[in-house]
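Novice: Please find query-v7.cif (mmCIF, C-alpha atoms) on the next line:
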```cif
data_input
loop_
_atom_site.label_atom_id
_atom_site.label_comp_id
_atom_site.auth_asym_id
_atom_site.auth_seq_id
_atom_site.Cartn_x
_atom_site.Cartn_y
_atom_site.Cartn_z
CA MET A 17 -18.77 -74.89 60.28
CA ALA A 18 -22.51 -75.54 59.88
CA ALA A 19 -23.69 -79.11 59.41
CA ALA A 20 -22.44 -80.56 56.13
CA GLU A 21 -24.56 -83.19 54.42
CA VAL A 22 -25.04 -85.00 51.12
CA ARG A 23 -28.43 -85.98 49.77
CA PRO A 24 -29.92 -87.12 46.46
CA ALA A 25 -31.09 -84.21 44.31
CA VAL A 26 -34.72 -83.69 43.34
CA VAL A 27 -35.99 -81.80 40.29
CA SER A 28 -36.59 -78.64 42.32
CA ASP A 29 -32.80 -78.54 42.93
CA ALA A 30 -32.08 -78.03 39.21
CA PRO A 31 -31.88 -74.20 39.42
CA GLU A 32 -29.34 -74.35 42.25
CA ILE A 33 -27.23 -76.96 40.43
CA ALA A 34 -27.33 -74.80 37.28
CA ARG A 35 -26.23 -71.78 39.31
CA ILE A 36 -23.31 -73.69 40.81
CA GLN A 37 -22.20 -74.96 37.40
CA HIS A 38 -22.53 -71.53 35.79
CA ASP A 39 -20.77 -69.62 38.55
CA THR A 40 -18.02 -72.19 39.08
CA TRP A 41 -17.24 -72.54 35.39
CA ARG A 42 -17.05 -68.73 35.12
CA SER A 43 -14.75 -68.37 38.12
CA ALA A 44 -12.61 -71.48 37.79
CA TYR A 45 -12.72 -72.79 34.22
CA THR A 46 -12.84 -69.79 31.85
CA GLU A 47 -9.13 -70.03 31.08
CA LEU A 48 -9.33 -73.79 30.57
CA LEU A 49 -12.48 -73.90 28.42
CA GLY A 50 -12.16 -70.54 26.71
CA GLU A 51 -14.12 -67.34 27.23
CA ALA A 52 -16.52 -68.03 24.34
CA ALA A 53 -17.48 -71.49 25.60
CA VAL A 54 -18.18 -70.22 29.12
CA ALA A 55 -20.04 -67.16 27.81
CA GLU A 56 -22.44 -69.47 25.96
CA LEU A 57 -23.67 -71.05 29.20
CA ASP A 58 -27.36 -70.27 29.53
CA VAL A 59 -28.75 -70.75 33.03
CA VAL A 60 -32.28 -71.53 31.76
CA GLU A 61 -30.94 -74.24 29.45
CA LEU A 62 -28.73 -75.58 32.23
CA GLU A 63 -31.77 -75.81 34.54
CA LYS A 64 -33.65 -77.88 31.94
CA THR A 65 -30.66 -80.15 31.42
CA TRP A 66 -30.22 -80.67 35.15
CA ALA A 67 -33.92 -81.45 35.65
CA GLU A 68 -33.63 -84.11 32.94
CA THR A 69 -30.41 -85.48 34.43
CA ILE A 70 -31.94 -85.79 37.90
CA GLU A 71 -34.79 -87.88 36.45
CA TYR A 72 -32.64 -89.94 34.05
CA PRO A 73 -32.97 -93.67 34.81
CA GLY A 74 -29.86 -95.24 36.32
CA THR A 75 -28.29 -91.90 37.17
CA ARG A 76 -28.18 -90.21 40.52
CA VAL A 77 -27.29 -86.61 41.24
CA PHE A 78 -26.05 -85.91 44.77
CA LEU A 79 -26.01 -82.49 46.43
CA ALA A 80 -23.59 -81.27 49.07
CA THR A 81 -24.99 -78.78 51.52
CA GLU A 82 -23.52 -76.79 54.35
CA GLY A 83 -26.16 -75.37 56.60
CA GLU A 84 -28.76 -73.79 54.33
CA PHE A 85 -26.42 -73.51 51.33
CA THR A 86 -26.08 -75.91 48.41
CA VAL A 87 -22.33 -75.98 47.75
CA GLY A 88 -21.68 -78.75 45.22
CA PHE A 89 -22.96 -81.72 43.29
CA CYS A 90 -21.92 -85.06 41.83
CA VAL A 91 -23.45 -87.07 38.98
CA ALA A 92 -22.99 -90.84 39.06
CA GLY A 93 -24.22 -93.85 37.11
CA ARG A 94 -23.09 -96.83 35.08
CA ALA A 95 -20.39 -95.96 32.57
CA PRO A 96 -21.46 -96.14 28.93
CA GLU A 97 -19.27 -98.40 26.81
CA SER A 98 -17.89 -95.36 25.00
CA GLU A 99 -16.57 -93.97 28.30
CA VAL A 100 -14.99 -97.19 29.59
CA ALA A 101 -13.52 -98.48 26.30
CA ALA A 102 -9.81 -98.39 25.63
CA ALA A 103 -8.47 -96.09 22.91
CA ASP A 104 -8.74 -98.97 20.41
CA GLY A 105 -12.42 -99.49 21.30
CA SER A 106 -11.90 -102.72 23.24
CA LEU A 107 -13.77 -103.15 26.50
CA PRO A 108 -12.23 -104.29 29.78
CA ASP A 109 -13.58 -107.43 31.44
CA ASP A 110 -15.36 -105.32 34.07
CA ALA A 111 -17.04 -102.92 31.62
CA ALA A 112 -20.54 -103.96 32.71
CA THR A 113 -19.77 -103.11 36.35
CA THR A 114 -17.81 -99.91 35.82
CA ALA A 115 -19.40 -96.67 37.02
CA LEU A 116 -18.90 -93.12 35.81
CA ILE A 117 -18.57 -90.04 37.95
CA ALA A 118 -19.73 -87.76 35.16
CA SER A 119 -19.34 -84.56 37.12
CA LEU A 120 -18.17 -83.57 40.58
CA LEU A 121 -18.15 -79.87 41.28
CA VAL A 122 -17.87 -77.81 44.47
CA GLU A 123 -17.99 -74.03 44.38
CA PRO A 124 -14.45 -72.74 44.98
CA ARG A 125 -15.52 -70.62 47.96
CA TRP A 126 -16.70 -73.83 49.68
CA GLY A 127 -13.59 -75.82 48.79
CA ARG A 128 -11.22 -77.57 51.20
CA ARG A 129 -14.07 -78.39 53.59
CA GLY A 130 -14.58 -82.07 52.68
CA HIS A 131 -17.59 -81.60 50.40
CA ALA A 132 -16.04 -83.30 47.36
CA GLY A 133 -14.99 -86.27 49.48
CA ARG A 134 -18.48 -86.63 50.94
CA LEU A 135 -20.00 -86.42 47.46
CA LEU A 136 -17.67 -89.09 46.04
CA ALA A 137 -18.12 -91.37 49.07
CA ASN A 138 -21.93 -91.15 48.89
CA ALA A 139 -21.94 -91.74 45.14
CA SER A 140 -19.56 -94.69 45.59
CA THR A 141 -21.81 -96.28 48.21
CA TRP A 142 -24.85 -95.98 45.95
CA LEU A 143 -22.91 -97.34 42.96
CA ARG A 144 -21.63 -100.35 44.96
CA GLU A 145 -25.17 -101.08 46.12
CA ASP A 146 -26.16 -101.01 42.43
CA GLY A 147 -23.49 -103.62 41.61
CA ALA A 148 -20.66 -101.43 40.34
CA THR A 149 -17.14 -102.57 41.17
CA ARG A 150 -14.94 -99.78 39.84
CA GLY A 151 -15.25 -96.10 39.01
CA ILE A 152 -13.95 -93.82 36.27
CA SER A 153 -14.00 -90.10 35.74
CA TRP A 154 -12.40 -87.59 33.37
CA ALA A 155 -10.42 -84.48 34.29
CA ALA A 156 -8.53 -81.93 32.28
CA GLN A 157 -4.84 -82.71 32.30
CA THR A 158 -4.20 -79.16 33.55
CA ASP A 159 -6.89 -79.25 36.28
CA HIS A 160 -4.49 -79.90 39.13
CA ALA A 161 -7.14 -79.45 41.82
CA SER A 162 -9.40 -82.19 40.39
CA LEU A 163 -6.49 -84.51 39.61
CA GLY A 164 -5.13 -84.05 43.14
CA PHE A 165 -8.52 -84.73 44.67
CA PHE A 166 -9.00 -88.00 42.78
CA ARG A 167 -5.43 -89.09 43.55
CA ARG A 168 -6.04 -88.51 47.27
CA ALA A 169 -9.15 -90.69 46.92
CA GLY A 170 -6.94 -93.46 45.51
CA TRP A 171 -7.84 -92.97 41.84
CA SER A 172 -5.17 -92.63 39.18
CA PRO A 173 -4.86 -92.04 35.43
CA ASP A 174 -5.23 -95.26 33.44
CA GLY A 175 -3.40 -94.00 30.35
CA THR A 176 -6.50 -93.16 28.31
CA VAL A 177 -6.83 -89.58 27.05
CA ARG A 178 -9.34 -87.71 24.93
CA ILE A 179 -9.58 -84.26 23.43
CA LEU A 180 -12.61 -82.09 24.22
CA ASP A 181 -13.29 -79.42 21.61
CA THR A 182 -14.94 -76.47 23.37
CA GLY A 183 -15.30 -74.45 20.18
CA SER A 184 -12.63 -72.07 21.49
CA THR A 185 -9.88 -74.46 22.41
CA ASN A 186 -9.06 -78.13 22.76
CA VAL A 187 -8.86 -79.57 26.25
CA ARG A 188 -6.85 -82.73 26.84
CA GLU A 189 -8.62 -84.92 29.40
CA VAL A 190 -7.23 -87.94 31.22
CA ARG A 191 -9.36 -90.81 32.45
CA LEU A 192 -8.97 -91.67 36.11
CA THR A 193 -10.00 -94.95 37.65
CA GLY A 194 -10.27 -96.25 41.17
CA THR A 195 -12.08 -98.13 43.83
CA LEU A 196 -15.63 -97.50 44.92
CA ALA A 197 -14.80 -98.82 48.38
CA LEU A 198 -14.51 -95.31 49.78
CA GLU A 199 -15.43 -94.51 53.34
CA LEU A 200 -15.58 -91.18 55.08
CA THR A 201 -13.15 -90.81 57.95
CA PRO A 202 -14.04 -88.63 60.92
#
```
Take the structure in this file and express it as structure tokens.

Specialist:
Amino acid sequence: MAAAEVRPAVVSDAPEIARIQHDTWRSAYTELLGEAAVAELDVVELEKTWAETIEYPGTRVFLATEGEFTVGFCVAGRAPESEVAAADGSLPDDAATTALIASLLVEPRWGRRGHAGRLLANASTWLREDGATRGISWAAQTDHASLGFFRRAGWSPDGTVRILDTGSTNVREVRLTGTLALELTP
């Protein structure tokens, strides 16, 4: 295996992040999101969105690389109140120090090589340094790979669910929560 690394993304990485999102959603999430929703993905629009996300204050996008290849990414930042609130709208005591892993995606062909773990560990370190004490993320209830990954990292569903309307179908998502005290093991 070539050297695997994680680094913060820069704006010039936006096309590669857009490619990974586009290709991975097509290969791994078409059934979940619906053919029409995935078909609407426009790489040029995705590139613009990713360039804006990379420069968004308080957010950091991390890239996983293996050798010369970009293989995955993770978006992290403070969780907006709407993401951390309970179903009744109430906020937990630690709402101000809760972080959101908004997206964590590794191309399937690069899976099972530790890239997702490195991305989450690097994001967690940065978030802790920024004062966050706990993390949350959302995953489709039927996305067993993502749910399994977060469970292995020590995160678990907190009982909060939401429905994502993709225009083709409704996706039930569960909120996961866990520690940011994650360390890579050799």

Novice: Within 6 Å of (-27.1, -83.2, 47.0) in the file's own coordinates, which protein, DNA or RNA residues have an atom, counting only C-alpha atoms? List them as a PyMOL selection string.

Specialist: chain A and resi 22-25+78-80+89

Novice: Using all atoms listed in the file, which of the listed residues (A:Ile179, A:Ile70, A:Val187, A:Val87) sits closest to A:Ala103?

Specialist: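 Of all the options, A:Ile179 lies closest to A:Ala103.
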
Novice: Would you write out, as JSON, numbers by chain, every residue that the PyMOL selection byres ((chain A and resi 161) around 12) captures in this file?

Specialist: {"A": [44, 45, 120, 121, 122, 124, 127, 128, 132, 155, 156, 157, 158, 159, 160, 162, 163, 164, 165, 166, 167, 168]}

Novice: Pull C-alpha atoms from the residues just selected and write them as a short mmCIF file (atom, residue, chain, number, x, y, z; two decimals), in the coordinates of the input.

Specialist:
```
data_model
loop_
_atom_site.label_atom_id
_atom_site.label_comp_id
_atom_site.auth_asym_id
_atom_site.auth_seq_id
_atom_site.Cartn_x
_atom_site.Cartn_y
_atom_site.Cartn_z
CA ALA A 44 -12.61 -71.48 37.79
CA TYR A 45 -12.72 -72.79 34.22
CA LEU A 120 -18.17 -83.57 40.58
CA LEU A 121 -18.15 -79.87 41.28
CA VAL A 122 -17.87 -77.81 44.47
CA PRO A 124 -14.45 -72.74 44.98
CA GLY A 127 -13.59 -75.82 48.79
CA ARG A 128 -11.22 -77.57 51.20
CA ALA A 132 -16.04 -83.30 47.36
CA ALA A 155 -10.42 -84.48 34.29
CA ALA A 156 -8.53 -81.93 32.28
CA GLN A 157 -4.84 -82.71 32.30
CA THR A 158 -4.20 -79.16 33.55
CA ASP A 159 -6.89 -79.25 36.28
CA HIS A 160 -4.49 -79.90 39.13
CA SER A 162 -9.40 -82.19 40.39
CA LEU A 163 -6.49 -84.51 39.61
CA GLY A 164 -5.13 -84.05 43.14
CA PHE A 165 -8.52 -84.73 44.67
CA PHE A 166 -9.00 -88.00 42.78
CA ARG A 167 -5.43 -89.09 43.55
CA ARG A 168 -6.04 -88.51 47.27
#
```

Novice: Please list as a JSON list (two decimals) with C-alpha atoms, in the frame of the given file every residue within 8 Å of A:Ala139, counting only C-alpha atoms and excluding residues in the same chain fewer than 6 positions away.

Specialist:
```
[["chain", "number", "residue", "atom", "x", "y", "z"],
["A", 76, "ARG", "CA", -28.18, -90.21, 40.52],
["A", 78, "PHE", "CA", -26.05, -85.91, 44.77],
["A", 90, "CYS", "CA", -21.92, -85.06, 41.83],
["A", 91, "VAL", "CA", -23.45, -87.07, 38.98],
["A", 92, "ALA", "CA", -22.99, -90.84, 39.06]]
```

Novice: Check which residues satisfy the PyMOL selection byres ((chain A and resi 171-175) around 8) in the file shown, then give them as number ranges by chain.

Specialist: A: 166-170, 176-177, 190-195

Novice: Emit the selected residues as a CSV table (one decimal), in the frame of the given file, including C-alpha atoms.

Specialist:
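Contents of the output file out-v2.csv:
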```csv
chain,number,residue,atom,x,y,z
A,166,PHE,CA,-9.0,-88.0,42.8
A,167,ARG,CA,-5.4,-89.1,43.6
A,168,ARG,CA,-6.0,-88.5,47.3
A,169,ALA,CA,-9.2,-90.7,46.9
A,170,GLY,CA,-6.9,-93.5,45.5
A,176,THR,CA,-6.5,-93.2,28.3
A,177,VAL,CA,-6.8,-89.6,27.0
A,190,VAL,CA,-7.2,-87.9,31.2
A,191,ARG,CA,-9.4,-90.8,32.4
A,192,LEU,CA,-9.0,-91.7,36.1
A,193,THR,CA,-10.0,-95.0,37.6
A,194,GLY,CA,-10.3,-96.2,41.2
A,195,THR,CA,-12.1,-98.1,43.8
```

Novice: Written as a list of chain:residue names, what is the full residue list that the PyMOL selection byres ((chain A and resi 83) around 9) yields on the file shown?

Specialist: A:Met17, A:Ala18, A:Ala19, A:Ala20, A:Glu21, A:Thr81, A:Glu82, A:Glu84, A:Phe85, A:Thr86

Novice: What does the distance from atom CA of A:Ala67 to atom CA of A:Ser119 come to in Å, to one decimal?

Specialist: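 Calculated distance between atom CA of A:Ala67 and atom CA of A:Ser119 is 15.0 Å.
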
Novice: In the coordinates of the file, take the point (-30.9, -77.9, 33.3) and a cut-off of 10 Å; then, counting all atoms listed in the file, name each qualifying protein, DNA or RNA residue as an MDAnalysis selection string.

Specialist: chainID A and resid 27 29:35 58:70

Novice: Point out the residue among A:Leu57, A:Ala197, A:Glu51, A:Thr40 with the least atom-to-atom distance to A:Thr185, counting all atoms listed in the file.

Specialist: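 Smallest distance to A:Thr185 is found for A:Glu51.
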
Novice: Kindly give the distance, in Å, that separates atom CA of A:Glu189 and atom CA of A:Ile152, rounded to a single decimal.

Specialist: 12.4 Å

Novice: Go ahead and compute the interatomic distance for atom CA of A:Pro73 and atom CA of A:Thr149, in Å to one decimal.

Specialist: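 Spanning atom CA of A:Pro73 to atom CA of A:Thr149 is a straight-line distance of 19.2 Å.
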